[in-house]
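Taking it in order: structure first as structure tokens, then the write-up.
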Amino acid sequence: MGSDFGVANWLVVLIPLVTIIGTAIYCRRYIRDVADYLSAGRVARRYVICVGGMEEALGVMLLIQYMETHYMTGFSLTFWTITSILIGMFLSLSGWCMYRFRETRSMTLGQFVEIRYNRPLRVFASVLKVAADILTELFLPAVAAHFFIYFFDLPLHYTVFGVTFSTYASLMLLTMSIAMFTIFSGGAVALLVTDCLQGIMCYPMFLIIVLFALYEFDWGTHIVPVMFDRVPGENFMNPFDISKMRDFNVFMLAVNIIKRILQRAVWIGSGSATSAKNAHEQKMAGVLATWRAGFATLMQVLIAIMLIVMMNHKDAKFSKLADDTRRALSLKAASEVMSKDLQAKFKKEIDHIGEQKQNIGVDPQLSKKQNLDTPYFDAAEATLKDAPDSNLAMQNFRTLYIQQLMPVAMRHLLPKWMLGLFILLIVMIMISTDASRIFLISTAMAQDLVLPFLKKPLQPKSQMRLIKMLSIVVAIILFLGSYYITQMEYLSLFVTLVASLWVSGAGWIMCFGLYSRFGTSAGAFAALLNGFVVSVGYMFVFFNWADHIYPWLARHGLVDGVSKWLHALSAPFNPWIDWKMDATKFPINAFELSLFAILTCGIWYIVVSLAQTLRISFKPFGVSWREEKLFNLDKMLYRGKYADDKSKVITTKWTLRNIFSKLVGISPEYTKFDKGIAYGVFVYTFIYRFLGTFGLVLLLNWISPWGVRGWSNYYYLTTLAIPFVVALISTVWFMWGGINDLRHLFIDLEARKRDFSDDGRVNKD
């Protein structure tokens, strides 16, 4: 790989990287108070937030998650995700949670919780949020390091002057150091500027990868035959033929829709979420997010398609690349989970496999259990069957194989001149994600877990220094966690699992806290505690299943009994929920746990809050809870008599004449251009995507189900052709908007009047 990645490719990576680092250093001059460091002075405009948010949201781990999900499910599920897109449209157009949160002028989520509820809840909620943040991001450094190890085929260890170092640890240290440098240089200003700059740089790279995929892979002869060569119930294109997909199915989508509504505000922190010049700009940044991704989304789709086709098509060119990829990937994964002796045995096993080819229409159709990767998994299982902790080792092998398929496949597939562009893209989204996540966690720790306990407020420089020191602590925790923790099967399942620790309860306290007057501190405590207990209990079982719990059940002859019990409980919900006993994976997945946690947290929040506000007297555990009065939302949101500008009317009454504009989120703050954007989002998402590509298609298939040709034409238009045209327009649009708003950001920061008392404290007066 070293000879392929020549000097020109290294220059392609290093020159933009140096530019980004230099920009971060330049941003240092604009940091004069805490508001600058935490929220970019609250002067950012919509495009700089929107473009930077795209880069921050993409992330290496999310890219890996996307690839592993679609490698197992194809694109049949994307048809059903349109319902989620519709929900997202209404959330964006209405400014759900984000608009009101910006109105509170809170710098962190913890500050809002203290304003809305009380200080003890702020501390408790912040502890849970920081813990969930750290657990959720625990794989960020590991995923990035593994990506580079597998892409460049690096050895796991290297020696310098007789001292042996871990390549894995060294790469994590390098990537996190770059992220830390950005944080130390200029806080939220540096993050916002570099994220936006990286987003602008990435737009052309997205386009190049898209054009390569469209040139290299033919829709009719390569893509469609492979997608339809699946057993009934696991079709990769027909959304009505997916009943046998277990972990990624329609139930998962339903859970994600519920979570999307509730968790809109649960990850809010400092940075871009609080940096807008006003609530309207923050809202418009969310509305524009419908269009911003453009070629980024199309690139993800096409990379997933390339992986599926390359690994399963009988074409001589692809089958040879697939064989090289499987072999290299298997040996690399084996080097991490097997001893030297077992690696030699495994190599002999795969030497007998030979080149895998699938003659579509002749050979049996592929499935999740029986596919062209199966011989390599069988070889690993045969090698590991007598090894200590064989179940855990096999789980790790399978996880590494699926998660690192993309870097190894892209290494073999891309031409030499594109390798540098691809790595530059990965480096950019890696830096953006790592820096943003570390900054948000360290900010929450400082603002919500340290400062509330100080009798005297810190000076601005001391407060910023505290955040920087805590960011080092967070980076060390993430480094050690990534280095020692076991790889998890399916990143999306893992993220869902650990996020439920916080999201299941926080979703209710944020949504009701922003929109209702009856929610109480006791109700919020009850919801968070329930989410914590349910999630931690599940995590204990989940993490210990393969190496402790299942072996214990087997030793005591309980496997069959538990299996029958699980089957009976899940039978009414088949095929979407099907709990089958497995030696390596807990039968109940994270999506099912997440829904249970969310529903029970909501019950606790509503029942306890209503019990207090309705003055129902009860004493759980012998403790008498104080009755609460209805909360003053106008004061928290600076509305009505509490508004700074009493003449400015933000809300209007619902009438027959304005009902449509109210549904689309139009308010008196909207300019004509803002209205055009909002109506455009509505037409594109609701009329075209939901009614056209979902509702109409649903009706047509109810009348007469489509075959291969119908679904082939559908996905060609809705996945490639129309998104390509939209992406061309949005790329020019957002590149111009991002550059223009970057210029205004520096001008507004220079002109901003500093308020040194604006440091995240809550003034009870």
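Labeling convention for the structure tokens: chains A, B, ... as they appear, residues from 1 per chain, ligands from 1 in order of appearance.
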
Report task. From a DSSP calculation on the backbone, collect every residue of stretch 216-331 of chain A in helix (DSSP H, G or I) and output the set as an NGL selection string. Result -> :A and (216 or 219-228 or 250-265 or 271-274 or 279-292 or 295-312 or 316-331)

With a cut-off of 12 Å, could you pull out the residues of stretch 359-457 of chain A touching stretch 335-344 of chain A and give me the nearest pair of atoms for each, distance in Å to one decimal, using only C-alpha atoms, ordered by chain and ascending number, as CSV?
```
residue,atom,partner,partner_atom,distance
A:Ala379,CA,A:Gln343,CA,11.1
A:Ala380,CA,A:Leu342,CA,9.4
A:Glu381,CA,A:Leu342,CA,11.2
A:Ala382,CA,A:Leu342,CA,10.3
A:Thr383,CA,A:Leu342,CA,6.6
A:Leu384,CA,A:Leu342,CA,7.6
A:Lys385,CA,A:Leu342,CA,10.6
A:Asp386,CA,A:Leu342,CA,10.2
A:Ala387,CA,A:Leu342,CA,8.6
A:Pro388,CA,A:Met338,CA,10.3
A:Asp389,CA,A:Val337,CA,10.5
A:Ser390,CA,A:Val337,CA,9.8
A:Asn391,CA,A:Val337,CA,11.3
A:Leu392,CA,A:Val337,CA,9.3
A:Ala393,CA,A:Val337,CA,5.8
A:Met394,CA,A:Val337,CA,8.1
A:Gln395,CA,A:Val337,CA,9.6
A:Asn396,CA,A:Val337,CA,6.9
A:Phe397,CA,A:Val337,CA,6.5
A:Arg398,CA,A:Val337,CA,10.2
A:Thr399,CA,A:Val337,CA,10.8
A:Leu400,CA,A:Glu336,CA,9.0
A:Tyr401,CA,A:Glu336,CA,11.0
```

Selection file, C-alpha atoms, as a short mmCIF file (atom, residue, chain, number, x, y, z; two decimals), in the first residue's frame:
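And here is the file that came out, result_25.cif:
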```
data_model
loop_
_atom_site.label_atom_id
_atom_site.label_comp_id
_atom_site.auth_asym_id
_atom_site.auth_seq_id
_atom_site.Cartn_x
_atom_site.Cartn_y
_atom_site.Cartn_z
CA ALA A 379 -13.00 -20.91 8.86
CA ALA A 380 -12.58 -18.50 11.78
CA GLU A 381 -15.11 -20.42 13.87
CA ALA A 382 -13.40 -23.73 13.14
CA THR A 383 -10.03 -22.22 14.10
CA LEU A 384 -11.33 -20.68 17.33
CA LYS A 385 -13.57 -23.53 18.51
CA ASP A 386 -11.05 -24.87 21.03
CA ALA A 387 -9.51 -21.51 21.97
CA PRO A 388 -10.15 -19.85 25.36
CA ASP A 389 -13.11 -17.43 25.21
CA SER A 390 -13.93 -18.71 21.73
CA ASN A 391 -17.36 -17.04 21.64
CA LEU A 392 -15.91 -13.62 22.46
CA ALA A 393 -13.03 -14.04 20.00
CA MET A 394 -15.46 -15.03 17.24
CA GLN A 395 -17.63 -12.02 18.00
CA ASN A 396 -14.59 -9.75 17.74
CA PHE A 397 -13.51 -11.33 14.45
CA ARG A 398 -16.96 -10.89 12.92
CA THR A 399 -17.16 -7.31 14.18
CA LEU A 400 -13.78 -6.32 12.76
CA TYR A 401 -14.56 -8.01 9.46
#
```

Requested in this report: Identify which of the residues A:Met205, A:Val210, A:Cys511, A:Leu414 lies closest to A:Arg264, counting only C-alpha atoms when measuring atom-to-atom distances.
Outcome: A:Cys511

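Among A:Lys348, A:Lys369, A:Arg46, A:Arg555, the residue with the shortest atom-to-atom distance to A:Ala289, counting only C-alpha atoms, is A:Arg46.
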
Query - Pairwise distance for atom CA of A:Gly707 and atom CA of A:Phe236, rounded to one decimal in Å - result: 12.9 Å
